[in-house]
Structure formats: C-alpha cells, structure tokens
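Next comes structure08.txt, a file with compact mmCIF, C-alpha atoms.
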# COMPACT_ATOMS: atom_id res chain seq x y z
CA MET L 1 -61.87 -111.87 -143.78
CA ARG L 2 -60.23 -108.59 -143.06
CA TRP L 3 -61.04 -106.52 -139.97
CA ASN L 4 -60.81 -102.79 -139.91
CA LYS L 5 -59.37 -101.26 -136.68
CA PRO L 6 -62.68 -99.91 -135.22
CA ALA L 7 -64.36 -103.28 -135.54
CA LEU L 8 -61.36 -105.04 -133.93
CA TYR L 9 -61.41 -102.74 -130.93
CA LEU L 10 -65.11 -103.44 -130.40
CA VAL L 11 -64.55 -107.20 -130.40
CA VAL L 12 -61.70 -107.01 -127.82
CA ALA L 13 -63.77 -104.78 -125.54
CA ALA L 14 -66.69 -107.23 -125.67
CA LEU L 15 -64.43 -110.15 -124.77
CA LEU L 16 -63.00 -108.29 -121.78
CA CYS L 17 -66.46 -107.45 -120.48
CA CYS L 18 -67.37 -111.14 -120.55
CA ALA L 19 -64.12 -112.35 -118.94
CA LEU L 20 -63.96 -109.96 -115.96
CA PRO L 21 -66.96 -111.45 -114.07
CA LEU L 22 -65.49 -114.92 -114.51
CA LEU L 23 -62.10 -113.81 -113.10
CA ARG L 24 -63.74 -112.20 -110.07
CA ALA L 25 -65.68 -115.37 -109.33
CA THR L 26 -62.56 -117.51 -109.62
CA VAL L 27 -60.63 -115.30 -107.21
CA ARG L 28 -63.50 -115.32 -104.71
CA ASN L 29 -63.62 -119.11 -104.79
CA GLN L 30 -59.87 -119.56 -104.13
CA PRO L 31 -59.11 -120.65 -100.56
CA LYS L 32 -57.48 -117.94 -98.53
CA THR L 33 -53.85 -118.58 -97.67
CA THR L 34 -52.74 -117.00 -94.42
CA THR L 35 -49.61 -117.48 -92.38
CA PRO L 36 -50.50 -119.93 -89.62
CA GLN L 37 -50.05 -118.52 -86.15
CA VAL L 38 -48.30 -120.79 -83.71
CA LYS L 39 -50.21 -120.89 -80.49
CA PRO L 40 -48.00 -120.71 -77.43
CA GLY L 41 -47.61 -124.09 -75.85
CA PRO L 42 -48.21 -124.79 -72.21
CA GLN L 43 -45.73 -123.09 -69.89
CA GLN L 44 -42.88 -125.37 -68.87
CA PRO L 45 -42.90 -126.29 -65.19
CA PRO L 46 -39.93 -125.18 -63.13
CA PRO L 47 -37.16 -127.77 -62.70
CA LEU L 48 -37.56 -130.08 -59.79
CA PRO L 49 -35.22 -129.53 -56.88
CA LEU L 50 -32.19 -131.79 -56.75
CA ARG L 51 -32.53 -134.81 -54.55
CA PRO L 52 -30.49 -134.72 -51.37
CA PRO L 53 -27.29 -136.79 -51.47
CA GLY L 54 -27.61 -140.39 -50.48
CA PRO L 55 -26.17 -141.81 -47.26
CA ALA L 56 -22.88 -142.79 -48.91
CA ALA L 57 -22.23 -139.32 -50.29
CA GLN L 58 -23.25 -137.72 -47.01
CA LYS L 59 -20.88 -139.98 -45.11
CA LEU L 60 -17.96 -139.08 -47.35
CA ARG L 61 -18.67 -135.37 -46.98
CA ASN L 62 -18.81 -135.67 -43.18
CA GLU L 63 -15.74 -137.89 -42.89
CA PRO L 64 -13.04 -136.45 -40.58
CA PHE L 65 -9.97 -135.55 -42.61
CA VAL L 66 -6.36 -134.46 -42.20
CA LEU L 67 -5.63 -130.91 -43.39
CA ILE L 68 -2.14 -130.47 -44.87
CA ASP L 69 -0.85 -126.89 -44.94
CA PRO L 70 2.27 -126.32 -47.07
CA ALA L 71 3.60 -123.05 -45.64
CA HIS L 72 4.18 -119.89 -47.68
CA GLY L 73 3.42 -119.66 -51.43
CA GLY L 74 3.00 -117.04 -54.11
CA LYS L 75 5.04 -113.92 -53.41
CA ASP L 76 5.85 -115.26 -49.95
CA LYS L 77 8.79 -117.54 -50.76
CA GLY L 78 9.70 -118.28 -47.15
CA VAL L 79 13.36 -119.16 -46.73
CA VAL L 80 15.30 -118.73 -49.97
CA PHE L 81 17.91 -121.51 -50.06
CA SER L 82 19.29 -120.77 -53.51
CA ALA L 83 18.44 -118.95 -56.71
CA ARG L 84 16.15 -121.80 -57.75
CA LEU L 85 15.02 -123.28 -54.42
CA SER L 86 12.65 -121.64 -51.94
CA GLU L 87 10.82 -122.92 -48.89
CA LYS L 88 7.43 -122.59 -50.60
CA ASP L 89 8.47 -125.17 -53.23
CA VAL L 90 9.84 -127.64 -50.67
CA THR L 91 6.70 -127.50 -48.54
CA LEU L 92 4.37 -128.00 -51.51
CA ALA L 93 6.34 -131.02 -52.75
CA LEU L 94 6.36 -132.52 -49.24
CA GLY L 95 2.64 -131.83 -48.87
CA ARG L 96 1.82 -133.73 -52.04
CA GLU L 97 3.97 -136.66 -50.89
CA LEU L 98 2.23 -136.69 -47.50
CA ARG L 99 -1.16 -136.66 -49.20
CA LYS L 100 -0.16 -139.70 -51.23
CA GLU L 101 0.98 -141.57 -48.10
CA LEU L 102 -2.25 -140.79 -46.26
CA VAL L 103 -4.46 -141.78 -49.19
CA GLU L 104 -2.62 -145.10 -49.47
CA ARG L 105 -3.56 -145.74 -45.83
CA GLY L 106 -7.21 -144.94 -46.49
CA ILE L 107 -7.15 -141.68 -44.55
CA PRO L 108 -9.21 -138.75 -45.94
CA VAL L 109 -7.04 -135.72 -46.60
CA LYS L 110 -7.27 -132.16 -47.94
CA MET L 111 -4.59 -129.71 -49.03
CA LEU L 112 -4.92 -126.15 -47.78
CA ARG L 113 -3.01 -125.09 -50.88
CA ASP L 114 -2.10 -127.25 -53.86
CA THR L 115 -0.78 -124.44 -56.09
CA ASP L 116 1.71 -121.60 -55.80
CA VAL L 117 -0.54 -119.20 -53.89
CA ASN L 118 -0.17 -117.56 -50.52
CA VAL L 119 -2.83 -117.71 -47.82
CA ASP L 120 -2.93 -115.33 -44.87
CA LEU L 121 -2.04 -116.94 -41.51
CA ASP L 122 -5.37 -116.03 -39.93
CA LEU L 123 -7.22 -117.45 -42.91
CA ARG L 124 -5.18 -120.65 -42.65
CA ALA L 125 -6.39 -121.02 -39.07
CA GLU L 126 -9.98 -120.29 -40.06
CA ILE L 127 -9.82 -122.98 -42.74
CA ALA L 128 -8.28 -125.42 -40.27
CA ASN L 129 -11.11 -124.74 -37.83
CA GLN L 130 -13.82 -125.84 -40.25
CA PRO L 131 -15.96 -128.82 -39.21
CA HIS L 132 -14.52 -132.32 -39.60
CA THR L 133 -10.85 -131.28 -39.53
CA ALA L 134 -9.32 -134.08 -37.46
CA PHE L 135 -5.64 -133.02 -37.60
CA TYR L 136 -3.83 -129.97 -38.92
CA VAL L 137 -0.27 -130.49 -40.19
CA ALA L 138 1.77 -127.43 -41.20
CA LEU L 139 4.88 -128.05 -43.29
CA HIS L 140 7.99 -125.88 -43.24
CA ALA L 141 11.63 -125.94 -44.36
CA GLY L 142 14.42 -123.94 -42.77
CA ARG L 143 17.95 -123.56 -41.55
CA PRO L 144 20.24 -124.01 -39.66
CA GLY L 145 20.78 -127.64 -38.77
CA SER L 146 19.83 -130.82 -40.53
CA GLY L 147 17.14 -133.47 -40.22
CA VAL L 148 13.58 -132.75 -39.13
CA ARG L 149 12.07 -130.58 -36.42
CA VAL L 150 8.60 -131.47 -35.13
CA TYR L 151 6.70 -128.73 -33.30
CA ALA L 152 3.79 -128.95 -30.90
CA PRO L 153 1.93 -125.76 -29.93
CA LEU L 154 3.15 -123.74 -26.97
CA LEU L 155 0.54 -121.53 -25.30
CA ALA L 156 1.60 -118.51 -23.29
CA SER L 157 -1.52 -118.93 -21.17
CA THR L 158 -4.63 -121.03 -21.17
CA GLN L 159 -7.41 -118.50 -20.84
CA PRO L 160 -10.82 -119.90 -19.93
CA ALA L 161 -13.35 -120.00 -22.71
CA ALA L 162 -15.82 -117.11 -22.73
CA GLY L 163 -19.12 -118.89 -23.25
CA ARG L 164 -19.13 -120.77 -26.55
CA PHE L 165 -16.06 -118.95 -27.91
CA LEU L 166 -12.36 -119.70 -27.47
CA PRO L 167 -9.80 -116.88 -27.27
CA TRP L 168 -8.04 -116.64 -30.63
CA GLU L 169 -4.52 -116.83 -29.18
CA SER L 170 -5.31 -119.92 -27.14
CA ALA L 171 -7.83 -121.70 -29.35
CA GLN L 172 -5.53 -124.73 -29.25
CA SER L 173 -6.02 -125.13 -25.49
CA THR L 174 -8.73 -127.79 -25.84
CA SER L 175 -6.52 -130.00 -28.05
CA LEU L 176 -3.05 -129.22 -26.68
CA GLU L 177 -2.44 -132.63 -25.12
CA ARG L 178 -3.53 -134.49 -28.26
CA SER L 179 -1.26 -132.27 -30.35
CA ARG L 180 1.72 -133.12 -28.14
CA LYS L 181 0.98 -136.83 -28.37
CA LEU L 182 0.74 -136.61 -32.17
CA ALA L 183 4.07 -134.75 -32.32
CA GLN L 184 5.66 -137.44 -30.13
CA ALA L 185 4.27 -140.19 -32.36
CA VAL L 186 5.67 -138.47 -35.47
CA ALA L 187 9.10 -138.16 -33.82
CA ARG L 188 9.07 -141.89 -32.92
CA GLU L 189 8.24 -142.82 -36.51
CA MET L 190 11.10 -140.59 -37.74
CA ARG L 191 13.57 -142.38 -35.48
CA LYS L 192 12.35 -145.77 -36.74
CA ARG L 193 13.41 -144.64 -40.20
CA ASN L 194 16.78 -143.36 -38.94
CA VAL L 195 15.78 -139.76 -39.59
CA ARG L 196 17.44 -137.24 -37.31
CA VAL L 197 14.61 -135.50 -35.45
CA ALA L 198 14.16 -132.84 -32.77
CA LEU L 199 10.90 -132.52 -30.83
CA LEU L 200 10.06 -128.95 -29.78
CA ASP L 201 7.23 -126.85 -28.36
CA SER L 202 6.74 -123.51 -30.10
CA PRO L 203 4.11 -120.75 -30.48
CA LEU L 204 4.64 -121.12 -34.23
CA ARG L 205 1.72 -119.47 -36.00
CA PRO L 206 -0.97 -120.46 -36.67
CA LEU L 207 -0.76 -123.51 -34.37
CA ASN L 208 -2.14 -121.68 -31.32
CA ASN L 209 -5.11 -120.40 -33.37
CA VAL L 210 -6.14 -123.89 -34.51
CA VAL L 211 -8.83 -125.73 -32.55
CA PRO L 212 -8.21 -129.37 -33.63
CA PRO L 213 -4.91 -131.13 -32.82
CA ALA L 214 -2.14 -129.34 -34.71
CA ILE L 215 1.56 -129.84 -35.34
CA ALA L 216 4.24 -128.42 -37.62
CA VAL L 217 6.98 -130.41 -39.33
CA GLU L 218 10.07 -128.64 -40.63
CA LEU L 219 12.77 -130.01 -42.90
CA ALA L 220 16.18 -128.53 -42.04
CA ALA L 221 19.32 -128.46 -44.12
CA GLY L 222 22.61 -126.62 -43.97
CA PRO L 223 24.25 -124.97 -47.00
CA ASP L 224 26.07 -128.17 -47.87
CA LYS L 225 22.94 -130.34 -47.69
CA LEU L 226 20.40 -128.41 -49.70
CA ARG L 227 19.89 -131.36 -52.02
CA SER L 228 18.30 -133.29 -49.16
CA LEU L 229 15.37 -130.85 -49.22
CA GLU L 230 14.55 -131.89 -52.78
CA SER L 231 15.51 -135.52 -52.30
CA GLU L 232 12.63 -137.85 -53.12
CA LYS L 233 14.00 -140.33 -50.57
CA THR L 234 13.99 -137.73 -47.78
CA GLN L 235 10.51 -136.48 -48.59
CA THR L 236 9.12 -140.02 -48.80
CA GLU L 237 10.64 -140.99 -45.43
CA VAL L 238 9.33 -137.88 -43.71
CA ALA L 239 5.87 -138.16 -45.27
CA ALA L 240 5.65 -141.86 -44.42
CA ALA L 241 6.57 -141.17 -40.79
CA ILE L 242 3.89 -138.48 -40.44
CA ALA L 243 1.28 -140.66 -42.12
CA ALA L 244 2.14 -143.67 -39.95
CA ALA L 245 1.76 -141.61 -36.77
CA ILE L 246 -1.61 -140.25 -37.92
CA ALA L 247 -2.73 -143.78 -38.80
CA GLN L 248 -1.91 -144.88 -35.24
CA LYS L 249 -3.98 -142.08 -33.76
CA ARG L 250 -6.78 -142.89 -36.18
CA ALA L 251 -6.79 -146.53 -35.05
CA THR L 252 -6.96 -145.59 -31.35
CA ALA L 253 -9.83 -143.20 -32.10
CA GLY L 254 -12.07 -145.96 -33.44
CA GLY L 255 -11.24 -145.82 -37.14
CA HIS L 256 -11.26 -142.03 -37.52
CA PRO L 257 -8.37 -139.58 -37.50

Before anything else, please render the file you have as structure tokens.
Amino acid sequence: MRWNKPALYLVVAALLCCALPLLRATVRNQPKTTTPQVKPGPQQPPPLPLRPPGPAAQKLRNEPFVLIDPAHGGKDKGVVFSARLSEKDVTLALGRELRKELVERGIPVKMLRDTDVNVDLDLRAEIANQPHTAFYVALHAGRPGSGVRVYAPLLASTQPAAGRFLPWESAQSTSLERSRKLAQAVAREMRKRNVRVALLDSPLRPLNNVVPPAIAVELAAGPDKLRSLESEKTQTEVAAAIAAAIAQKRATAGGHP
C-alpha cells in the first residue's frame, strides 16, 4: 500500500502523541542519582603527650661528664706550625683521642667542639658551667719547648661570692684545689709513660671563668719536632695519661668524675 505524504505525516504525529506520556512516566520513575556527600568524621583527638623518660634514661642524662674543649677552630687557627698544620687541628685530633680513652674507661664525656668551628671564650666557659660538668679539660698546642705542659688555674684574687653568684673572673675559686690536684695527677701519669711534662699555674682563659675543676693540657714542639704533634703515639700517650688521672679522681669520688 502506498502512502501519500500528508497521510504519513499524520501517522507520525499520532505516534509521537502516544509515546510522550510514556517517556515522561519512565523518567519520573527512574531513581535519582546524586553525588553522595561525605559527612565529616569525628574530629581527631589531639596527640597524647609524650611519656616522661624512664629512670634509666633520666640517669644517663643526669650523669656527671667530662667536657673536652679543643681550643681554637674555624677562622681562629691558633698557632700556625706550618702551611698545613695549625693548632686547631692538633687540639681536635687530641680531643677525639681523649674521648676514646675516657669512653673505654666507662667515663661519660662530651666534646665542646667536634668540628672545625670556633667558639667564643666566654661561651666556652658558659658551656662548661652547665649542670653535671664534672671536669673541664682544655687542649692546646704551642711552642717553644717540647713535651707537655699541664696548667692549673691561677687566680689573681679570690673575691667572696656575692650571694648566690660567683664573680666571673674568679668563678674557679670554689674548685681551685681540686683543679690543682687533677693537674698533679695528670702530670704523674705523664711521667709514668716517660712523657716530658711541666706543671704550671696560669690564668689561661677560660680556666678562671669555669666553676667545676678545670685544667689545660698543651702539647709543645720545636721546629724540628713538629711531627710529634701529629704522632698517633704521642697523642695516645697524652690522652691515656689524662684519662687515667680522671679515672682516679672518679674512683675517689664514689664512682663519679
């Protein structure tokens, strides 16, 4: 059967009129799809405070220790012995050797500097005066002469303490006798090892500004004996003598430095 164009248009229009209500009903019956909203969860509680350290950790932190102070550092080279050897390098090497000797004897130790940096003399004294510093040992190297020079503090005057505070230039006054005894013990240990040693009193800074017992140990070498400053044997002998003397004082003080 053949359809003319007007009749065909009428049929299509009738079909569309019937289909539109069905499409609307289908769309209405479809479930709505929406983007789910995430509800904020409960607010996280703040972190709990750290527990205080146990007795063992507290004991280690409060253990009296020996403070090693390798003199000079950074731009402050100290005595320049040669184009490649300065005092700051000798003192740092000796300080590390002394630390090893003390650790081997079970004595707590800290280094005031363990790198090539300089620390102001007043700041060195302030660090030495922190709690639990048992002994302060300054290390130097110089000329002329040869062997080792051990210095105890020398105070120009012993001013009385003003209340709770000690005068800066005589802060060592309360420990002067113990410093001298430590210096004497170090000198004895040097002689046991056949090391040439001189025992001196000197206002060498910052010894007088240090409250705990304080000494200075200086390696000396003439122009023809510069190698002794770098000698592992020399540094080991000197470090062992200092450590042995400190160990003696530690034993007489009831197991503490």

message: Using Å and a single decimal, report how far CA of Val148 (chain L) sits from CA of Leu219 (chain L).
response: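 Distance between the two atoms: 4.7 Å.
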
- request: For region 174-190 of chain L, list every protein, DNA or RNA residue within 10 Å, evaluated using only C-alpha atoms, and leave out those in the same chain fewer than 2 positions away; present the list as an MDAnalysis selection string.
  value: chainID L and resid 135:137 147:155 158 161 166 170:172 192:201 207:208 210:217 237:246 248:249

- prompt: Just how far from CA of His72 (chain L) is CA of Arg124 (chain L), in Å to one decimal?
  reply: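 Separating CA of Arg124 (chain L) from CA of His72 (chain L) is a distance of 10.7 Å.
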
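Among L:Phe65, L:Gln235, L:Pro144, L:Arg205, the residue with the shortest atom-to-atom distance to Val103 (chain L), counting all atoms listed in the file, is L:Phe65.
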
- prompt: At what distance in Å, to one decimal, does CA of Ala221 (chain L) lie from CA of Pro203 (chain L)?
  reply: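 Atom-to-atom, CA of Pro203 (chain L) to CA of Ala221 (chain L), that is 21.8 Å.
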
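With distances taken over all atoms listed in the file, L:Pro64 is the one residue among L:Pro167, L:Pro70, L:Pro223, L:Pro64 lying closest to Pro131 (chain L).
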
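With all atoms listed in the file as the atoms that count, the minimum distance from Ala83 (chain L) to the choices L:Ser202, L:Leu123, L:Leu226, L:Ile107 is reached by L:Leu226.
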
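Using all atoms listed in the file, the nearest neighbour of Ala138 (chain L) within the list L:Thr115, L:Arg105, L:Ser173, L:Asp69 is L:Asp69.
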
field: Shell of 7 Å around Val66 (chain L), all atoms listed in the file, local chain residues under 4 positions omitted, as a PyMOL selection string
entry: chain L and resi 108-110+133-136

task: Please provide the set of residues having any atom within 8 Å of Val117 (chain L), restricted to only C-alpha atoms, with same-chain residues fewer than 4 positions apart removed, written as a PyMOL selection string.
output: chain L and resi 72-75+113

message: Here is a test: counting only C-alpha atoms, which residue of L:Lys100, L:Leu67, L:Met111, L:Ile127 is nearest to Asn209 (chain L)?
response: L:Ile127

- request: Compile the contact shell of Phe81 (chain L) as a list in words: residues with an atom at most 12 Å away, counting only C-alpha atoms, same-chain residues fewer than 6 positions apart removed.
  value: Glu87, Lys88, Asp89, Val90, Ala141, Gly142, Arg143, Pro144, Ala220, Ala221, Gly222, Pro223, Asp224, Lys225, Leu226, Arg227, Ser228, Leu229 and Glu230 of chain L

Just add N, CA and C atoms to region 224-256 of chain L and send it as a CSV table (one decimal), keeping the file's coordinate frame.
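Okay, this is what ended up in result12.csv:
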chain,number,residue,atom,x,y,z
L,224,ASP,N,25.5,-127.1,-47.1
L,224,ASP,CA,26.1,-128.2,-47.9
L,224,ASP,C,25.1,-129.4,-48.1
L,225,LYS,N,23.9,-129.2,-47.6
L,225,LYS,CA,22.9,-130.3,-47.7
L,225,LYS,C,21.6,-129.9,-48.3
L,226,LEU,N,21.6,-128.9,-49.1
L,226,LEU,CA,20.4,-128.4,-49.7
L,226,LEU,C,19.7,-129.5,-50.6
L,227,ARG,N,20.5,-130.3,-51.2
L,227,ARG,CA,19.9,-131.4,-52.0
L,227,ARG,C,18.9,-132.3,-51.3
L,228,SER,N,19.2,-132.4,-49.9
L,228,SER,CA,18.3,-133.3,-49.2
L,228,SER,C,16.9,-132.7,-49.1
L,229,LEU,N,16.7,-131.4,-49.2
L,229,LEU,CA,15.4,-130.8,-49.2
L,229,LEU,C,14.5,-131.3,-50.4
L,230,GLU,N,15.2,-131.5,-51.5
L,230,GLU,CA,14.6,-131.9,-52.8
L,230,GLU,C,14.6,-133.4,-53.0
L,231,SER,N,15.3,-134.1,-52.1
L,231,SER,CA,15.5,-135.5,-52.3
L,231,SER,C,14.2,-136.3,-52.2
L,232,GLU,N,13.9,-137.1,-53.2
L,232,GLU,CA,12.6,-137.8,-53.1
L,232,GLU,C,12.7,-138.8,-52.0
L,233,LYS,N,13.8,-139.4,-51.7
L,233,LYS,CA,14.0,-140.3,-50.6
L,233,LYS,C,13.7,-139.6,-49.2
L,234,THR,N,14.2,-138.5,-49.0
L,234,THR,CA,14.0,-137.7,-47.8
L,234,THR,C,12.5,-137.4,-47.6
L,235,GLN,N,11.9,-136.9,-48.7
L,235,GLN,CA,10.5,-136.5,-48.6
L,235,GLN,C,9.6,-137.7,-48.4
L,236,THR,N,9.9,-138.8,-49.0
L,236,THR,CA,9.1,-140.0,-48.8
L,236,THR,C,9.2,-140.5,-47.4
L,237,GLU,N,10.5,-140.5,-46.8
L,237,GLU,CA,10.6,-141.0,-45.4
L,237,GLU,C,9.9,-140.1,-44.4
L,238,VAL,N,10.0,-138.8,-44.6
L,238,VAL,CA,9.3,-137.9,-43.7
L,238,VAL,C,7.8,-138.0,-43.8
L,239,ALA,N,7.3,-138.0,-45.1
L,239,ALA,CA,5.9,-138.2,-45.3
L,239,ALA,C,5.3,-139.5,-44.7
L,240,ALA,N,6.1,-140.6,-44.9
L,240,ALA,CA,5.6,-141.9,-44.4
L,240,ALA,C,5.6,-141.9,-42.9
L,241,ALA,N,6.6,-141.2,-42.3
L,241,ALA,CA,6.6,-141.2,-40.8
L,241,ALA,C,5.4,-140.4,-40.3
L,242,ILE,N,5.1,-139.3,-40.9
L,242,ILE,CA,3.9,-138.5,-40.4
L,242,ILE,C,2.6,-139.3,-40.6
L,243,ALA,N,2.5,-139.9,-41.8
L,243,ALA,CA,1.3,-140.7,-42.1
L,243,ALA,C,1.1,-141.8,-41.2
L,244,ALA,N,2.2,-142.5,-40.9
L,244,ALA,CA,2.1,-143.7,-40.0
L,244,ALA,C,1.7,-143.2,-38.6
L,245,ALA,N,2.2,-142.1,-38.1
L,245,ALA,CA,1.8,-141.6,-36.8
L,245,ALA,C,0.3,-141.2,-36.8
L,246,ILE,N,-0.2,-140.6,-37.8
L,246,ILE,CA,-1.6,-140.2,-37.9
L,246,ILE,C,-2.5,-141.5,-38.0
L,247,ALA,N,-2.0,-142.5,-38.7
L,247,ALA,CA,-2.7,-143.8,-38.8
L,247,ALA,C,-2.9,-144.4,-37.4
L,248,GLN,N,-1.8,-144.3,-36.6
L,248,GLN,CA,-1.9,-144.9,-35.2
L,248,GLN,C,-3.0,-144.2,-34.4
L,249,LYS,N,-3.0,-142.8,-34.5
L,249,LYS,CA,-4.0,-142.1,-33.8
L,249,LYS,C,-5.4,-142.4,-34.3
L,250,ARG,N,-5.5,-142.6,-35.6
L,250,ARG,CA,-6.8,-142.9,-36.2
L,250,ARG,C,-7.3,-144.2,-35.7
L,251,ALA,N,-6.4,-145.2,-35.5
L,251,ALA,CA,-6.8,-146.5,-35.0
L,251,ALA,C,-7.3,-146.5,-33.6
L,252,THR,N,-6.6,-145.7,-32.8
L,252,THR,CA,-7.0,-145.6,-31.4
L,252,THR,C,-8.2,-144.8,-31.2
L,253,ALA,N,-8.6,-144.0,-32.2
L,253,ALA,CA,-9.8,-143.2,-32.1
L,253,ALA,C,-11.0,-143.9,-32.7
L,254,GLY,N,-10.9,-145.2,-32.9
L,254,GLY,CA,-12.1,-146.0,-33.4
L,254,GLY,C,-12.2,-145.9,-34.9
L,255,GLY,N,-11.1,-145.8,-35.7
L,255,GLY,CA,-11.2,-145.8,-37.1
L,255,GLY,C,-11.3,-144.5,-37.8
L,256,HIS,N,-11.2,-143.4,-37.0
L,256,HIS,CA,-11.3,-142.0,-37.5
L,256,HIS,C,-10.0,-141.3,-37.1
